[in-house]
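Enquirer: Here it is: the structure, laid out below.
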Amino acid sequence: MKNLWIVLGVVAALMAVLLLLPGPDSAPPTDSAPPSDESPPGRFAVTNVRLFDGDRVLDNAVVVIDEGRVVAAGRTTTTPIPDGAAVIDGRGRTALPGLIDSHVHSFGSAQADALRFGVTTLLDMFRPPDDFEAQHEARSSLAPTDRADLFSAGYLATVEGGHGTQYGIDVPLPAGPDDARAWVDARLEEGSDWIKIVIEGGRAWNGEMPTLDAETVAALVEAAHARNVLAVAHVATRAEADLAVEAGVDGLVHLFIDEPVDPATATDWAERGLFVIPTLPVLAGALGQQGPSRLDGFEAVETRLSSEQRRSLGAVFPNVAQRQARWSGVAASIPTLHAAGVPLLAGSDAPNPGTAHGISLIDAVIRLHQAGLAPIDALRAATSVPAGIFPIDDGVGRRGCLRPGCRADVLLVDGNPLADPAALLAIERVWKNGAPVALAAAARPPADPAPAAESAASVDLLASPTGWMPSADDFMGGSSEAAVAPMDTALRVTGTLRPGFAFPYAGAMWNAGTTMMEPVDRRGWSMLTLDVRGEAELLRVMFFSGGNPQPVWRDFEPGAPIEIDLSTLAGLDLAAFQAVGVFAAQPDGAFEFVIEEARIE
Amino acid sequence: MNSATLTRNPALQLIQAQWLNLVRTPDYTLPTLLFPLMFYGFFGLLMIRSQALWLLCTFATFGVMGAALFSFGVSIATERAQGWLMLLRASPAPVAAVIAGKAFGALLFSLVTVVAMSAMAAAFGGVRLETSQWLGLAGVLVAGALPFCLMGLALGLWIKPNAAPAVLNMIYLPLGFLSGLWIPAMQFPPLLQAVAAWLPPYHLAALALDVTGAKSADWGLSLLNLGIFTLVFAALTAIGWKRLDGTAG
């Protein structure tokens, strides 16, 4: 029966060949390897997908990503999938370039919050330039990140007491037309990407506030253009827009609200090459319209909102009811501008009341469509249009597009936003620089309220004076300093308040959780009682909550006990309470005060 | 186990006969083996170099399918014509052993095809897989040859012996093409894509693509498709076998 042995020998030889076939060249990387670990990191293809490449649509397409960039995008029949690429079946889904929000103010968790909703690039229209160096480095990198890239105007140009000065940020002011060049150069030196000029007399909101005069605006625009950077203007009324256009600005970062845009004006703007960021979400909020919560897909994504996103969405502008009638005029301007050929850019102006980072840019696209733009034009307004206007191509990979060479900021949504942009809410995946982004919001504090016994009883914050820590802006790069000295049942706070930081502070802080700034649920709390004695003229109590870096504060004078009703503090999130602090506010110089009583009930 | 017991075991005898049949008819054996390897060489290694892994999976499926269809279909049809099947049925030899012998031959062919093609892919296509994936690919495809053995058996019992090779080719080649074994199905126009999703070779290839990590598959769906396909041809085989009694020819 030697034939049988021959057969067995042949089979054994075949198995031996299989065992000897080569394995992957290099050992798998030691970091967390994805399930399909034979594909090189970051190399994948989305197949059978509807592709919006920022400009046009392909119905049955393949997008191939490698090393943070798009390497191929095209029809399935003509686009080979490279060896070893992980394949993601995009059937029934649409791939889009990461979205661009052309009007935000980025603080705190904004960049992460935006990214979870597919907004991969933020064009900020006013923030302090403190971290621009780090921001510039981050955005010109293709490394995986959990934050959207940020471009910014930096400080805005306004006047003493004008719009932009009310947020507690120390804004450098242009002294007049002659100072325009120096002011613009200082901004560019700080790392501003363009110049933003505020023209806001308050009339649109039935008030009055000081604003820049026409000569200074014109000088600022000229100075910006001399440096080859864009000059954009905040306006709220037709007259303010006319002033800005006359001065030669490149774009308006809001649509005015006092009247609709007429076709002649739209044609004039188109001929001048003016672009407009209508910021429909913030105008909707200011004119008494509902926010993203009105949308069908909202509930499905609600759990992905951070506490800061919830806070800003839940906030409301004062006196909106009396302005509701103006909304129809704003909406009517959109088709007029589009028909004339004025480029429209989607912008949210988050985190203003009624808006939130990320989701409100999706709302901006939806509102552009509802106002009369075709879905594809509304989507272009959040991708290729801003990418063609703002200086956001850093040479590493173009934005707002999904074509070879573009940065692999990719959004995969279920359904077809080219039929209805509301499908943008059905986000399935987001990639930033070719790396997947976790779509869930950071772990929220436990939803269960703290044990009732604890929350109902009054908490003596001085019971353990060692629970307090000194807190001053030297931590943030300022030059104020503070020290604390526990006494028997009180706390002595000493230090020096020095100007230098945008927001000088020095004092003492008490953390509600066991670690610094840990959010804890303190929904049972209602009242803070404080008794502070000392020399300072003005003290400030600040509450930190919800991960929001901007505290909620109240100023008070030392010498007498005060009570603060926590329910009156708009923006305080008791469900994620972090810390409370007592700080010297005025005057600059050395201070000393003693906290004799600090109790919350 | 000694040769005395082996000689007495008719099943092993018949299996051995199959082996001898294959070895002694190289004019049939070699083309059947070489045909898919040649195709893979042209398409997977020379023309579309970047797709060596993907095409390894699909052309190996193609090769396995061919080995199963032809070793069963053509030989059964011929043996039916020669009256050999009738003789076997009349003899005390267990008929199941005849089938088992042929199945063994087909599976051996499948294994040779997969291993040879894998070696080509590794040597010339730069394909690198974990040992478990190489073994998984061979395992899936060798096991996946069985439904096609049944298909070949059923066809061999039904079609005219003279027409067998031509008819089998008329089924084999279009089925391979439409299942996306030559050109990936996702490069088809939508209508053909929809057709491909119903074909058994498409699902066998999907499993092969899954074990090699080229594209993840829905195992439940693919196994269901292959299972139904197997049942249909098992039924056709049973009816065809009964039909041999009276109207064989």
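Each chain in the structure tokens gets a letter, A, B, ..., in the order shown, and its residues are numbered from 1; ligands are numbered from 1 in order too.
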Got a sec: who's within 8 Å of His105 of chain A, counting only C-alpha atoms, leaving out chain neighbours fewer than 6 positions off, as a ChimeraX atom specification?

Expert: /A:124-127,349-351

Enquirer: For those residues, write N, CA and C atoms to a file as a PDB file, in the first residue's frame.

Expert:
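Done, and the output landed in selection-v7.pdb:
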```
ATOM      1  N   ASP A 124     -11.659  80.668  14.032  1.00  0.00           N
ATOM      2  CA  ASP A 124     -12.046  81.397  15.233  1.00  0.00           C
ATOM      3  C   ASP A 124     -12.025  82.889  14.940  1.00  0.00           C
ATOM      4  N   MET A 125     -13.019  83.594  15.462  1.00  0.00           N
ATOM      5  CA  MET A 125     -13.159  85.010  15.133  1.00  0.00           C
ATOM      6  C   MET A 125     -12.883  85.919  16.327  1.00  0.00           C
ATOM      7  N   PHE A 126     -12.320  85.364  17.373  1.00  0.00           N
ATOM      8  CA  PHE A 126     -11.882  86.187  18.506  1.00  0.00           C
ATOM      9  C   PHE A 126     -11.542  85.292  19.677  1.00  0.00           C
ATOM     10  N   ARG A 127     -10.303  85.296  20.062  1.00  0.00           N
ATOM     11  CA  ARG A 127      -9.857  84.631  21.281  1.00  0.00           C
ATOM     12  C   ARG A 127      -8.475  85.169  21.603  1.00  0.00           C
ATOM     13  N   ASP A 349     -20.955  80.600  15.015  1.00  0.00           N
ATOM     14  CA  ASP A 349     -20.705  81.530  16.109  1.00  0.00           C
ATOM     15  C   ASP A 349     -20.876  80.859  17.470  1.00  0.00           C
ATOM     16  N   ALA A 350     -20.658  79.530  17.525  1.00  0.00           N
ATOM     17  CA  ALA A 350     -20.647  78.856  18.824  1.00  0.00           C
ATOM     18  C   ALA A 350     -19.488  79.409  19.642  1.00  0.00           C
ATOM     19  N   PRO A 351     -19.552  79.417  20.969  1.00  0.00           N
ATOM     20  CA  PRO A 351     -20.621  78.893  21.816  1.00  0.00           C
ATOM     21  C   PRO A 351     -21.553  79.992  22.319  1.00  0.00           C
TER      22      PRO A 351
END
```

Enquirer: Residues near Leu20 of chain B, anyone? I mean within 12 Å using only C-alpha atoms, not counting same-chain ones fewer than 3 positions away, as a short mmCIF file (atom, residue, chain, number, x, y, z; two decimals) with all heavy atoms, in the first residue's frame.

Expert:
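In the end it all went to part-v6.cif:
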```
data_model
loop_
_atom_site.label_atom_id
_atom_site.label_comp_id
_atom_site.auth_asym_id
_atom_site.auth_seq_id
_atom_site.Cartn_x
_atom_site.Cartn_y
_atom_site.Cartn_z
N MET A 1 0.83 -1.21 0.00
CA MET A 1 0.00 0.00 0.00
C MET A 1 0.85 1.24 0.00
O MET A 1 0.60 2.18 0.73
CB MET A 1 -0.91 -0.01 1.23
CG MET A 1 -1.96 -1.11 1.20
SD MET A 1 -2.85 -1.15 -0.35
CE MET A 1 -3.68 0.41 -0.33
N LYS A 2 1.92 1.24 -0.73
CA LYS A 2 2.80 2.39 -0.63
C LYS A 2 2.15 3.65 -1.22
O LYS A 2 2.50 4.76 -0.86
CB LYS A 2 4.15 2.11 -1.29
CG LYS A 2 4.19 2.11 -2.80
CD LYS A 2 5.65 1.95 -3.23
CE LYS A 2 5.88 2.25 -4.68
NZ LYS A 2 5.52 1.29 -5.66
N ASN A 3 1.15 3.46 -2.08
CA ASN A 3 0.47 4.62 -2.64
C ASN A 3 -0.17 5.49 -1.56
O ASN A 3 -0.15 6.71 -1.65
CB ASN A 3 -0.61 4.18 -3.62
CG ASN A 3 0.01 3.92 -4.98
OD1 ASN A 3 0.86 4.69 -5.41
ND2 ASN A 3 -0.38 2.82 -5.59
N LEU A 4 -0.71 4.83 -0.56
CA LEU A 4 -1.34 5.58 0.52
C LEU A 4 -0.31 6.47 1.21
O LEU A 4 -0.55 7.63 1.52
CB LEU A 4 -1.98 4.63 1.52
CG LEU A 4 -2.78 5.34 2.61
CD1 LEU A 4 -4.05 5.92 2.03
CD2 LEU A 4 -3.08 4.40 3.74
N ILE A 6 2.33 7.59 -0.10
CA ILE A 6 2.69 8.69 -1.00
C ILE A 6 1.68 9.84 -0.85
O ILE A 6 2.04 11.01 -0.74
CB ILE A 6 2.73 8.21 -2.48
CG1 ILE A 6 3.88 7.21 -2.64
CG2 ILE A 6 2.90 9.38 -3.43
CD1 ILE A 6 3.93 6.56 -4.01
N VAL A 7 0.40 9.45 -0.81
CA VAL A 7 -0.63 10.48 -0.66
C VAL A 7 -0.42 11.26 0.62
O VAL A 7 -0.41 12.49 0.64
CB VAL A 7 -2.04 9.82 -0.66
CG1 VAL A 7 -3.08 10.86 -0.28
CG2 VAL A 7 -2.33 9.23 -2.02
N GLN B 13 -9.61 1.09 -0.91
CA GLN B 13 -9.21 0.63 -2.24
C GLN B 13 -9.68 1.61 -3.31
O GLN B 13 -8.95 1.97 -4.23
CB GLN B 13 -9.85 -0.75 -2.52
CG GLN B 13 -9.31 -1.87 -1.67
CD GLN B 13 -8.08 -2.51 -2.30
OE1 GLN B 13 -7.45 -1.91 -3.18
NE2 GLN B 13 -7.71 -3.70 -1.85
N LEU B 14 -10.92 2.04 -3.16
CA LEU B 14 -11.48 2.93 -4.18
C LEU B 14 -10.85 4.31 -4.11
O LEU B 14 -10.63 4.97 -5.14
CB LEU B 14 -13.00 3.02 -4.01
CG LEU B 14 -13.72 1.78 -4.53
CD1 LEU B 14 -15.12 1.69 -3.98
CD2 LEU B 14 -13.74 1.79 -6.05
N ILE B 15 -10.55 4.74 -2.88
CA ILE B 15 -9.86 6.03 -2.75
C ILE B 15 -8.50 5.95 -3.42
O ILE B 15 -8.09 6.84 -4.17
CB ILE B 15 -9.72 6.41 -1.25
CG1 ILE B 15 -11.10 6.75 -0.69
CG2 ILE B 15 -8.76 7.56 -1.08
CD1 ILE B 15 -11.11 7.00 0.79
N GLN B 16 -7.84 4.83 -3.18
CA GLN B 16 -6.52 4.65 -3.78
C GLN B 16 -6.63 4.62 -5.30
O GLN B 16 -5.78 5.16 -6.01
CB GLN B 16 -5.91 3.35 -3.26
CG GLN B 16 -4.44 3.22 -3.63
CD GLN B 16 -4.01 1.77 -3.76
OE1 GLN B 16 -4.74 0.86 -3.34
NE2 GLN B 16 -2.86 1.56 -4.33
N ALA B 17 -7.72 4.01 -5.76
CA ALA B 17 -7.92 3.96 -7.21
C ALA B 17 -8.03 5.36 -7.80
O ALA B 17 -7.51 5.65 -8.87
CB ALA B 17 -9.18 3.15 -7.53
N VAL B 23 -2.90 10.33 -10.87
CA VAL B 23 -1.47 10.29 -11.18
C VAL B 23 -1.23 9.76 -12.59
O VAL B 23 -0.32 10.20 -13.29
CB VAL B 23 -0.73 9.42 -10.14
CG1 VAL B 23 0.73 9.23 -10.52
CG2 VAL B 23 -0.83 10.07 -8.77
N ARG B 24 -2.10 8.84 -13.01
CA ARG B 24 -1.84 8.18 -14.29
C ARG B 24 -2.50 8.90 -15.47
O ARG B 24 -2.38 8.46 -16.60
CB ARG B 24 -2.33 6.73 -14.23
CG ARG B 24 -1.42 5.90 -13.33
CD ARG B 24 -1.96 4.52 -13.13
NE ARG B 24 -1.16 3.80 -12.13
CZ ARG B 24 -1.52 2.64 -11.60
NH1 ARG B 24 -2.66 2.08 -11.97
NH2 ARG B 24 -0.75 2.06 -10.71
N THR B 25 -3.23 9.96 -15.18
CA THR B 25 -3.80 10.73 -16.29
C THR B 25 -3.33 12.17 -16.23
O THR B 25 -4.09 13.10 -16.00
CB THR B 25 -5.34 10.72 -16.28
OG1 THR B 25 -5.75 11.12 -14.96
CG2 THR B 25 -5.90 9.37 -16.63
N PRO B 26 -2.02 12.38 -16.38
CA PRO B 26 -1.48 13.74 -16.24
C PRO B 26 -2.05 14.69 -17.31
O PRO B 26 -2.11 15.89 -17.08
CB PRO B 26 0.03 13.57 -16.41
CG PRO B 26 0.21 12.25 -17.11
CD PRO B 26 -0.96 11.40 -16.70
N THR B 29 -4.87 15.92 -15.34
CA THR B 29 -4.51 16.48 -14.05
C THR B 29 -3.77 17.82 -14.18
O THR B 29 -4.14 18.81 -13.55
CB THR B 29 -3.60 15.50 -13.30
OG1 THR B 29 -4.19 14.21 -13.35
CG2 THR B 29 -3.41 15.94 -11.88
N GLY B 101 -14.03 8.60 -2.71
CA GLY B 101 -12.76 8.57 -3.42
C GLY B 101 -12.62 9.78 -4.33
O GLY B 101 -11.57 10.43 -4.37
N LYS B 102 -13.70 10.09 -5.04
CA LYS B 102 -13.65 11.26 -5.93
C LYS B 102 -13.52 12.54 -5.13
O LYS B 102 -12.75 13.45 -5.50
CB LYS B 102 -14.91 11.30 -6.79
CG LYS B 102 -14.95 10.20 -7.83
CD LYS B 102 -15.91 10.56 -8.92
CE LYS B 102 -16.06 9.39 -9.89
NZ LYS B 102 -14.76 9.09 -10.56
N GLY B 105 -10.08 13.04 -4.07
CA GLY B 105 -9.26 13.54 -5.17
C GLY B 105 -9.45 15.05 -5.36
O GLY B 105 -8.48 15.80 -5.52
#
```

Enquirer: For a quick test of understanding: name the residues of chain A lying within 7 Å of chain B when counting only C-alpha atoms, and present them as a list of chain:residue names.

Expert: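 Only these qualify: A:Met1, A:Leu4, A:Leu14, A:Leu18, A:Leu19, A:Leu21, A:Pro22, A:Gly23, A:Pro24, A:Ser36, A:Asn48, A:Thr76, A:Thr77, A:Pro82, A:Asp83, A:Gly84, A:Ala86, A:Val87.
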
Enquirer: Extract, using only C-alpha atoms, all DNA, RNA and protein residues at most 12 Å from Met509 of chain A, discarding same-chain residues fewer than 3 positions from it, and format them as a count of residues only.

Expert: 34

Enquirer: In Å, with one decimal, what is the gap from atom CA of Arg69 of chain A to atom CA of Lys432 of chain A?

Expert: 9.7 Å

Enquirer: Find the distance between atom CA of Leu115 of chain A and atom CA of Asp146 of chain A and write it in Å to one decimal.

Expert: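 Distance reported for this atom pair: 7.1 Å.
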
Enquirer: Please determine, counting only C-alpha atoms, which residue among A:Ala435, A:Val320, A:Ile362, A:Leu344 has the shortest atom-to-atom distance to Gly388 of chain A.

Expert: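 Comparing A:Ala435, A:Val320, A:Ile362, A:Leu344 against Gly388 of chain A, the winner is A:Leu344.
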
Enquirer: Write out as a PDB file with all heavy atoms, in the first residue's frame each polymer residue whose atoms come within 9 Å of Pro165 of chain B, counting only C-alpha atoms; drop sequence neighbours fewer than 6 positions from it.

Expert:
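Okay, this is what ended up in selection.pdb:
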```pdb
ATOM      1  N   PHE B  70     -14.729  19.841 -12.212  1.00  0.00           N
ATOM      2  CA  PHE B  70     -14.284  19.004 -13.328  1.00  0.00           C
ATOM      3  C   PHE B  70     -13.994  17.579 -12.880  1.00  0.00           C
ATOM      4  O   PHE B  70     -14.335  16.625 -13.572  1.00  0.00           O
ATOM      5  CB  PHE B  70     -13.068  19.634 -14.004  1.00  0.00           C
ATOM      6  CG  PHE B  70     -13.467  20.758 -14.912  1.00  0.00           C
ATOM      7  CD1 PHE B  70     -13.466  22.067 -14.470  1.00  0.00           C
ATOM      8  CD2 PHE B  70     -13.914  20.489 -16.203  1.00  0.00           C
ATOM      9  CE1 PHE B  70     -13.874  23.091 -15.295  1.00  0.00           C
ATOM     10  CE2 PHE B  70     -14.328  21.513 -17.037  1.00  0.00           C
ATOM     11  CZ  PHE B  70     -14.308  22.821 -16.574  1.00  0.00           C
ATOM     12  N   GLY B  73     -17.663  16.364 -12.320  1.00  0.00           N
ATOM     13  CA  GLY B  73     -18.601  16.462 -13.437  1.00  0.00           C
ATOM     14  C   GLY B  73     -18.189  15.607 -14.631  1.00  0.00           C
ATOM     15  O   GLY B  73     -18.947  14.756 -15.102  1.00  0.00           O
ATOM     16  N   VAL B  74     -16.950  15.825 -15.106  1.00  0.00           N
ATOM     17  CA  VAL B  74     -16.535  15.141 -16.323  1.00  0.00           C
ATOM     18  C   VAL B  74     -16.424  13.634 -16.081  1.00  0.00           C
ATOM     19  O   VAL B  74     -16.941  12.823 -16.854  1.00  0.00           O
ATOM     20  CB  VAL B  74     -15.204  15.711 -16.844  1.00  0.00           C
ATOM     21  CG1 VAL B  74     -14.759  14.953 -18.082  1.00  0.00           C
ATOM     22  CG2 VAL B  74     -15.362  17.196 -17.140  1.00  0.00           C
TER      23      VAL B  74
END
```

Enquirer: List the spatial neighbours of Glu597 of chain A as a ChimeraX atom specification - criterion: any atom at most 9 Å away, only C-alpha atoms, same-chain residues fewer than 5 positions off excluded.

Expert: /A:460-462,489-491,529-532,561

Enquirer: Would you pick out the contacts of segment 214-221 of chain A at 12 Å or less, using only C-alpha atoms, so that residues sharing its chain but fewer than 2 positions from it are not included, and give the list as a PyMOL selection string?

Expert: chain A and resi 156-159+173-185+187+194-200+211-212+223-234+239-251

Enquirer: From segment 459-596 of chain A, collect each residue whose DSSP state is helix (DSSP H, G or I) and return the set as a ChimeraX atom specification.

Expert: /A:465-467,473-476,566-568,574-576

Enquirer: Between atom CA of Gly164 of chain A and atom CA of Gly207 of chain A, measure the distance and give it in Å to one decimal.

Expert: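 Computing the Euclidean distance for atom CA of Gly164 of chain A and atom CA of Gly207 of chain A yields 15.2 Å.
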